[in-house]
file my_file.cif (mmCIF, C-alpha atoms)
data_input
loop_
_atom_site.label_atom_id
_atom_site.label_comp_id
_atom_site.auth_asym_id
_atom_site.auth_seq_id
_atom_site.Cartn_x
_atom_site.Cartn_y
_atom_site.Cartn_z
CA ARG J 1195 94.89 67.49 83.17
CA PRO J 1196 96.87 70.72 83.52
CA GLY J 1197 99.86 70.98 81.22
CA ARG J 1198 99.01 67.93 79.10
CA LEU J 1199 97.59 70.04 76.26
CA THR J 1200 100.73 72.19 76.23
CA ARG J 1201 103.08 69.20 76.38
CA ASN J 1202 101.27 67.41 73.55
CA TYR J 1203 101.25 70.56 71.43
CA LEU J 1204 104.99 71.10 71.93
CA ASP J 1205 105.62 67.43 71.09
CA GLY J 1206 103.96 67.92 67.70
CA GLN J 1207 100.51 66.47 68.44
CA ARG J 1208 98.59 69.45 67.06
CA ALA J 1209 96.02 68.18 64.58
CA ARG J 1210 93.19 67.69 67.10
CA TYR J 1211 93.81 70.89 69.09
CA VAL J 1212 92.62 74.45 68.56
CA PRO J 1213 95.63 76.72 67.84
CA PRO J 1214 96.75 78.32 71.14
CA PHE J 1215 96.37 81.95 70.11
CA ARG J 1216 92.91 81.40 68.62
CA MET J 1217 91.80 79.64 71.80
CA PHE J 1218 93.29 82.48 73.87
CA LEU J 1219 91.36 85.12 71.89
CA LEU J 1220 88.08 83.22 72.16
CA ALA J 1221 88.48 82.71 75.92
CA SER J 1222 89.46 86.37 76.48
CA LEU J 1223 86.47 87.58 74.44
CA LEU J 1224 84.12 85.39 76.49
CA PHE J 1225 85.70 86.58 79.75
CA PHE J 1226 85.53 90.30 79.01
CA LEU J 1227 81.97 90.08 77.72
CA THR J 1228 81.04 88.35 80.96
CA VAL J 1229 82.95 90.66 83.31
CA PHE J 1230 81.61 93.83 81.66
CA THR J 1231 78.05 92.51 81.58
CA VAL J 1232 78.11 91.36 85.20
CA GLY J 1233 80.09 94.45 86.25
CA ASP J 1234 77.50 96.78 84.74
CA GLU J 1235 74.72 94.83 86.44
CA PHE J 1236 76.32 95.16 89.90
CA GLY J 1237 77.94 98.58 89.37
CA TRP J 1238 81.54 97.39 89.77
CA PHE J 1239 82.93 100.14 87.57
CA ASP J 1240 81.07 103.04 89.20
CA GLY J 1241 82.09 105.31 92.06
CA TRP J 1242 85.83 104.59 92.16
CA LYS J 1243 87.02 107.53 94.20
CA PHE J 1244 89.66 108.18 96.85
CA ASP J 1245 88.58 110.83 99.36
CA PRO J 1246 91.49 111.83 101.64
CA GLN J 1247 89.43 114.48 103.42
CA GLY J 1248 86.64 112.00 104.14
CA GLN J 1249 89.20 109.52 105.43
CA ALA J 1250 90.65 112.23 107.66
CA GLU J 1251 87.24 112.95 109.14
CA LYS J 1252 86.72 109.27 109.86
CA SER J 1253 90.12 109.00 111.49
CA MET J 1254 89.61 112.11 113.63
CA SER J 1255 86.18 110.92 114.80
CA LEU J 1256 87.62 107.81 116.41
CA THR J 1257 88.08 109.00 119.99
CA THR J 1258 87.53 105.76 121.89
CA PRO J 1259 90.33 104.41 124.12
CA ALA J 1260 91.05 101.69 121.58
CA SER J 1261 91.48 104.24 118.81
CA ARG J 1262 93.76 106.42 120.95
CA ASP J 1263 96.08 103.44 121.36
CA ALA J 1264 96.57 103.57 117.60
CA ALA J 1265 97.28 107.30 117.61
CA GLY J 1266 100.71 106.88 116.09
CA GLN J 1267 99.35 105.23 112.98
CA ALA J 1268 96.39 107.59 112.76
CA GLY J 1269 98.73 110.56 113.16
CA GLY J 1270 100.50 109.65 109.94
CA GLU J 1271 97.21 109.36 108.08
CA THR J 1272 96.01 112.70 109.50
CA ALA J 1273 99.23 114.43 108.48
CA ALA J 1274 98.83 113.13 104.95
CA ALA J 1275 95.20 114.26 104.92
CA ASP J 1276 96.25 117.73 106.09
CA LEU J 1277 98.55 117.99 103.09
CA PHE J 1278 95.63 117.16 100.80
CA ALA J 1279 93.47 119.74 102.57
CA ASP J 1280 96.05 122.44 101.83
CA ILE J 1281 96.02 121.84 98.08
CA LEU J 1282 92.41 120.79 97.42
CA LEU J 1283 89.85 123.36 96.29
CA PRO J 1284 86.16 123.21 97.36
CA ASP J 1285 85.14 121.81 93.95
CA GLY J 1286 87.51 118.84 94.40
CA SER J 1287 90.18 120.06 92.00
CA VAL J 1288 93.83 120.55 92.92
CA ASP J 1289 95.24 124.04 93.43
CA ARG J 1290 98.31 123.92 91.18
CA ASP J 1291 99.90 127.02 92.77
CA ALA J 1292 99.56 125.56 96.28
CA LEU J 1293 100.89 122.23 94.99
CA HIS J 1294 103.95 123.90 93.48
CA ALA J 1295 104.52 125.88 96.67
CA LEU J 1296 104.38 122.65 98.68
CA ILE J 1297 106.98 121.11 96.36
CA ARG J 1298 109.27 124.12 96.77
CA ASP J 1299 108.95 124.02 100.56
CA GLN J 1300 109.81 120.33 100.74
CA ALA J 1301 112.50 120.33 98.05
CA ASP J 1302 116.01 119.29 99.02
CA GLU J 1303 118.52 122.10 99.31
CA ALA J 1304 120.65 120.49 96.61
CA ALA J 1305 117.74 120.35 94.13
CA THR J 1306 118.38 122.24 90.91
CA PRO J 1307 115.75 124.35 89.11
CA GLU J 1308 115.50 121.55 86.53
CA ASP J 1309 114.75 119.03 89.30
CA ILE J 1310 112.03 121.24 90.74
CA GLU J 1311 110.52 121.81 87.29
CA MET J 1312 110.42 118.05 86.73
CA SER J 1313 108.70 117.67 90.11
CA TYR J 1314 106.12 120.24 89.02
CA LYS J 1315 105.32 118.27 85.86
CA THR J 1316 105.09 114.96 87.73
CA ALA J 1317 102.84 116.47 90.40
CA ASP J 1318 100.61 118.12 87.77
CA ARG J 1319 100.12 114.77 86.05
CA ALA J 1320 99.27 113.12 89.38
CA ALA J 1321 96.80 115.93 90.06
CA THR J 1322 95.16 115.34 86.69
CA VAL J 1323 94.73 111.66 87.54
CA TYR J 1324 93.27 112.58 90.96
CA GLU J 1325 90.80 115.06 89.47
CA ASN J 1326 89.54 112.45 87.01
CA GLN J 1327 89.58 109.41 89.27
CA ASP J 1328 85.83 108.96 88.94
CA ARG J 1329 86.64 107.70 85.45
CA PHE J 1330 88.96 104.96 86.73
CA GLY J 1331 86.35 102.28 86.21
CA ALA J 1332 85.70 103.36 82.63
CA ARG J 1333 89.41 103.53 81.86
CA LEU J 1334 89.96 100.12 83.39
CA ARG J 1335 87.29 98.71 81.10
CA GLN J 1336 88.90 100.41 78.13
CA TRP J 1337 92.44 99.19 78.83
CA ALA J 1338 91.81 95.74 80.31
CA PRO J 1339 91.81 93.86 76.96
CA ARG J 1340 95.03 95.58 75.87
CA PHE J 1341 96.54 94.84 79.25
CA SER J 1342 95.79 91.12 78.88
CA LEU J 1343 97.78 91.03 75.65
CA LEU J 1344 100.64 92.90 77.31
CA PHE J 1345 100.78 90.54 80.30
CA LEU J 1346 101.25 87.51 78.02
CA PRO J 1347 104.86 88.30 76.98
CA VAL J 1348 105.65 89.34 80.56
CA PHE J 1349 104.51 85.96 81.90
CA SER J 1350 106.39 84.15 79.12
CA LEU J 1351 109.57 86.06 79.96
CA LEU J 1352 109.16 85.07 83.62
CA LEU J 1353 108.99 81.43 82.53
CA THR J 1354 112.07 81.98 80.37
CA PHE J 1355 113.96 83.36 83.35
CA LEU J 1356 112.94 80.47 85.62
CA TYR J 1357 114.00 77.87 83.04
CA VAL J 1358 117.00 79.71 81.63
CA TRP J 1359 119.34 76.78 82.36
CA HIS J 1360 117.26 74.26 80.40
CA ARG J 1361 118.85 74.03 76.97
CA LYS J 1362 116.02 72.23 75.17
CA ILE J 1363 113.31 74.69 76.25
CA TYR J 1364 112.91 77.74 74.05
CA LEU J 1365 111.00 81.03 74.15
CA TYR J 1366 108.37 79.55 71.82
CA ASP J 1367 107.66 76.84 74.41
CA HIS J 1368 107.17 79.44 77.14
CA LEU J 1369 104.87 81.48 74.87
CA ILE J 1370 102.62 78.45 74.24
CA ALA J 1371 102.59 77.68 77.98
CA GLY J 1372 101.67 81.30 78.70
CA LEU J 1373 98.85 81.24 76.14
CA HIS J 1374 97.38 78.07 77.61
CA PHE J 1375 97.71 79.33 81.20
CA GLN J 1376 95.99 82.64 80.46
CA THR J 1377 93.28 80.79 78.52
CA PHE J 1378 92.65 78.70 81.63
CA LEU J 1379 92.51 81.86 83.77
CA TYR J 1380 89.92 83.39 81.47
CA LEU J 1381 87.75 80.26 81.48
CA LEU J 1382 88.02 79.96 85.27
CA GLY J 1383 87.26 83.66 85.71
CA THR J 1384 84.23 83.44 83.43
CA THR J 1385 82.88 80.49 85.40
CA LEU J 1386 83.40 82.20 88.76
CA LEU J 1387 81.77 85.41 87.55
CA LEU J 1388 78.70 83.57 86.36
CA VAL J 1389 78.39 81.71 89.65
CA ALA J 1390 78.87 84.96 91.60
CA ALA J 1391 76.14 86.62 89.53
CA VAL J 1392 73.71 83.82 90.40
CA VAL J 1393 74.81 83.44 94.05
CA PRO J 1394 76.24 86.85 95.14
CA GLN J 1395 76.73 85.76 98.76
CA SER J 1396 79.29 83.18 97.63
CA ALA J 1397 81.72 85.79 96.23
CA ASP J 1398 84.28 85.53 99.05
CA TRP J 1399 84.40 81.75 98.86
CA LEU J 1400 84.65 81.88 95.08
CA ILE J 1401 87.66 84.20 95.27
CA LEU J 1402 89.42 81.93 97.76
CA GLY J 1403 88.53 78.80 95.82
CA GLY J 1404 89.63 80.35 92.53
CA PHE J 1405 92.99 81.35 93.98
CA LEU J 1406 93.60 77.82 95.30
CA VAL J 1407 92.64 76.33 91.93
CA ILE J 1408 95.10 78.66 90.17
CA ILE J 1409 97.91 77.58 92.51
CA ALA J 1410 97.16 73.89 91.95
CA TYR J 1411 96.81 74.33 88.19
CA LEU J 1412 100.05 76.30 87.80
CA TYR J 1413 102.00 73.79 89.89
CA ARG J 1414 100.69 70.85 87.87
CA MET J 1415 101.20 72.68 84.58
CA LEU J 1416 104.87 73.26 85.37
CA ARG J 1417 105.35 69.64 86.37
CA VAL J 1418 103.77 68.21 83.22
CA THR J 1419 104.83 70.78 80.64
CA TYR J 1420 108.45 71.12 81.74
CA ARG J 1421 108.80 67.70 83.40
CA SER J 1422 110.27 69.28 86.52
CA GLY J 1423 110.31 67.77 90.02
CA ARG J 1424 107.93 68.48 92.87
CA VAL J 1425 110.23 70.78 94.85
CA MET J 1426 111.39 72.89 91.90
CA SER J 1427 107.84 73.10 90.54
CA ALA J 1428 106.59 74.30 93.93
CA LEU J 1429 109.37 76.92 94.14
CA ARG J 1430 108.75 78.17 90.61
CA THR J 1431 105.00 78.30 91.26
CA THR J 1432 105.60 80.49 94.33
CA VAL J 1433 107.93 82.82 92.44
CA LEU J 1434 105.56 83.11 89.48
CA LEU J 1435 102.57 83.90 91.70
CA ILE J 1436 104.37 86.52 93.80
CA ILE J 1437 106.13 88.30 90.95
CA GLY J 1438 103.15 87.85 88.63
CA MET J 1439 100.69 89.48 91.05
CA ILE J 1440 103.07 92.39 91.71
CA LEU J 1441 103.60 92.99 88.00
CA LEU J 1442 99.90 92.52 87.34
CA ALA J 1443 98.94 95.24 89.82
CA LYS J 1444 101.64 97.66 88.67
CA LEU J 1445 100.92 97.07 85.01
CA ALA J 1446 97.18 97.59 85.44
CA LEU J 1447 97.61 100.77 87.50
CA GLY J 1448 100.31 102.07 85.15
CA LEU J 1449 98.17 101.57 82.06
CA VAL J 1450 95.15 103.26 83.62
CA ILE J 1451 97.24 106.26 84.73
CA LEU J 1452 98.93 106.38 81.31
CA SER J 1453 95.51 106.54 79.67
CA PHE J 1454 94.77 109.71 81.66
CA LEU J 1455 98.08 111.31 80.69
CA LEU J 1456 97.64 110.56 76.99
CA THR J 1457 94.23 112.22 76.77
#
call {"tool": "encode", "arguments": {"input": "my_file.cif", "output": "structure tokens"}}
result
Amino acid sequence: RPGRLTRNYLDGQRARYVPPFRMFLLASLLFFLTVFTVGDEFGWFDGWKFDPQGQAEKSMSLTTPASRDAAGQAGGETAAADLFADILLPDGSVDRDALHALIRDQADEAATPEDIEMSYKTADRAATVYENQDRFGARLRQWAPRFSLLFLPVFSLLLTFLYVWHRKIYLYDHLIAGLHFQTFLYLLGTTLLLVAAVVPQSADWLILGGFLVIIAYLYRMLRVTYRSGRVMSALRTTVLLIIGMILLAKLALGLVILSFLLT
């Protein structure tokens, strides 16, 4: 009964329910213990590496007629790979001098010395991330629990924005709804991970099924919690999913990269 727990809690019927934040912490702990255990078993956090030179070799080896028809797209990938080849050293590190020279060559004529210096610093940080990308999986493990706490206020603010014209709905209501929704996501994710560990060949179907369940749950939650109509609930569900997934990806990537720059 999606949304009923949230609606009852907001209406004051709280005695028989676990406090939202406590339930959220318990569900998140269970989820991360499961994902790290299963991830270690299947090696999900190992070998995260982007190899532009290897990709270039694969692209250049495609010489069939079908591949030549896609030469325009492959040409862009090859050009990008050539740039990497110019600045990468044999040991896989980035040649900072060559990188700075590339920045100077491609700098706009109106760029000031301060602009170029800022570009140097940004490029050096990106190079540091590239050189340590084999630790992406470990950093993702390290930052994922913190990220989950950070996404909660973001999701609650999205709800606040979507219901900004409703006078009797407050930020506290959106926070409780966000806690309950993320708790559901953790419980669903834990269940899917356990099933995937037992039946690995079902992973693709589990991902699709989980996504459909999330859509249905979020739609019903909005209808029951906020007592909104079918059309507006469907529109808000679409907006939340699209913006939420974009923010989720950017937030996760940003936190992982930030962890490299801070250490």
call {"tool": "resolve_selection", "arguments": {"input": "my_file.cif", "expression": "the PyMOL selection byres ((chain J and resi 1293) around 12)", "output": "PyMOL selection string"}}
result
chain J and resi 1277-1283+1287-1292+1294-1300+1310+1313-1321
call {"tool": "write_last_selection", "arguments": {"input": "my_file.cif", "atoms": "C-alpha atoms", "output": "PDB file, keeping the file's coordinate frame"}}
result
ATOM      1  CA  LEU J1277      98.550 117.990 103.090  1.00  0.00           C
ATOM      2  CA  PHE J1278      95.630 117.160 100.800  1.00  0.00           C
ATOM      3  CA  ALA J1279      93.470 119.740 102.570  1.00  0.00           C
ATOM      4  CA  ASP J1280      96.050 122.440 101.830  1.00  0.00           C
ATOM      5  CA  ILE J1281      96.020 121.840  98.080  1.00  0.00           C
ATOM      6  CA  LEU J1282      92.410 120.790  97.420  1.00  0.00           C
ATOM      7  CA  LEU J1283      89.850 123.360  96.290  1.00  0.00           C
ATOM      8  CA  SER J1287      90.180 120.060  92.000  1.00  0.00           C
ATOM      9  CA  VAL J1288      93.830 120.550  92.920  1.00  0.00           C
ATOM     10  CA  ASP J1289      95.240 124.040  93.430  1.00  0.00           C
ATOM     11  CA  ARG J1290      98.310 123.920  91.180  1.00  0.00           C
ATOM     12  CA  ASP J1291      99.900 127.020  92.770  1.00  0.00           C
ATOM     13  CA  ALA J1292      99.560 125.560  96.280  1.00  0.00           C
ATOM     14  CA  HIS J1294     103.950 123.900  93.480  1.00  0.00           C
ATOM     15  CA  ALA J1295     104.520 125.880  96.670  1.00  0.00           C
ATOM     16  CA  LEU J1296     104.380 122.650  98.680  1.00  0.00           C
ATOM     17  CA  ILE J1297     106.980 121.110  96.360  1.00  0.00           C
ATOM     18  CA  ARG J1298     109.270 124.120  96.770  1.00  0.00           C
ATOM     19  CA  ASP J1299     108.950 124.020 100.560  1.00  0.00           C
ATOM     20  CA  GLN J1300     109.810 120.330 100.740  1.00  0.00           C
ATOM     21  CA  ILE J1310     112.030 121.240  90.740  1.00  0.00           C
ATOM     22  CA  SER J1313     108.700 117.670  90.110  1.00  0.00           C
ATOM     23  CA  TYR J1314     106.120 120.240  89.020  1.00  0.00           C
ATOM     24  CA  LYS J1315     105.320 118.270  85.860  1.00  0.00           C
ATOM     25  CA  THR J1316     105.090 114.960  87.730  1.00  0.00           C
ATOM     26  CA  ALA J1317     102.840 116.470  90.400  1.00  0.00           C
ATOM     27  CA  ASP J1318     100.610 118.120  87.770  1.00  0.00           C
ATOM     28  CA  ARG J1319     100.120 114.770  86.050  1.00  0.00           C
ATOM     29  CA  ALA J1320      99.270 113.120  89.380  1.00  0.00           C
ATOM     30  CA  ALA J1321      96.800 115.930  90.060  1.00  0.00           C
TER      31      ALA J1321
END
call {"tool": "atom_distance", "arguments": {"input": "my_file.cif", "atom1": "atom CA of J:Asp1302", "atom2": "atom CA of J:Glu1325"}}
result
27.3 Å
call {"tool": "residues_near_point", "arguments": {"input": "my_file.cif", "point": "(104.6, 85.4, 82.4)", "cutoff": "10 Å", "atoms": "only C-alpha atoms", "output": "ChimeraX atom specification"}}
result
/J:1344-1355,1368-1369,1371-1373,1375-1376,1434-1435,1437-1438,1441-1442
call {"tool": "atom_distance", "arguments": {"input": "my_file.cif", "atom1": "atom CA of J:Ala1443", "atom2": "atom CA of J:Ile1401"}}
result
16.7 Å
call {"tool": "resolve_selection", "arguments": {"input": "my_file.cif", "expression": "the PyMOL selection byres ((chain J and resi 1387-1389) around 12)", "output": "PyMOL selection string"}}
result
chain J and resi 1224-1233+1235-1236+1379-1386+1390-1401+1404
call {"tool": "resolve_selection", "arguments": {"input": "my_file.cif", "expression": "the PyMOL selection byres ((chain J and resi 1200) around 10)", "output": "ChimeraX atom specification"}}
result
/J:1196-1199,1201-1205,1207-1208,1214,1367-1368,1370-1375,1415,1418-1420
call {"tool": "atom_distance", "arguments": {"input": "my_file.cif", "atom1": "atom CA of J:Met1426", "atom2": "atom CA of J:Leu1412"}}
result
12.5 Å
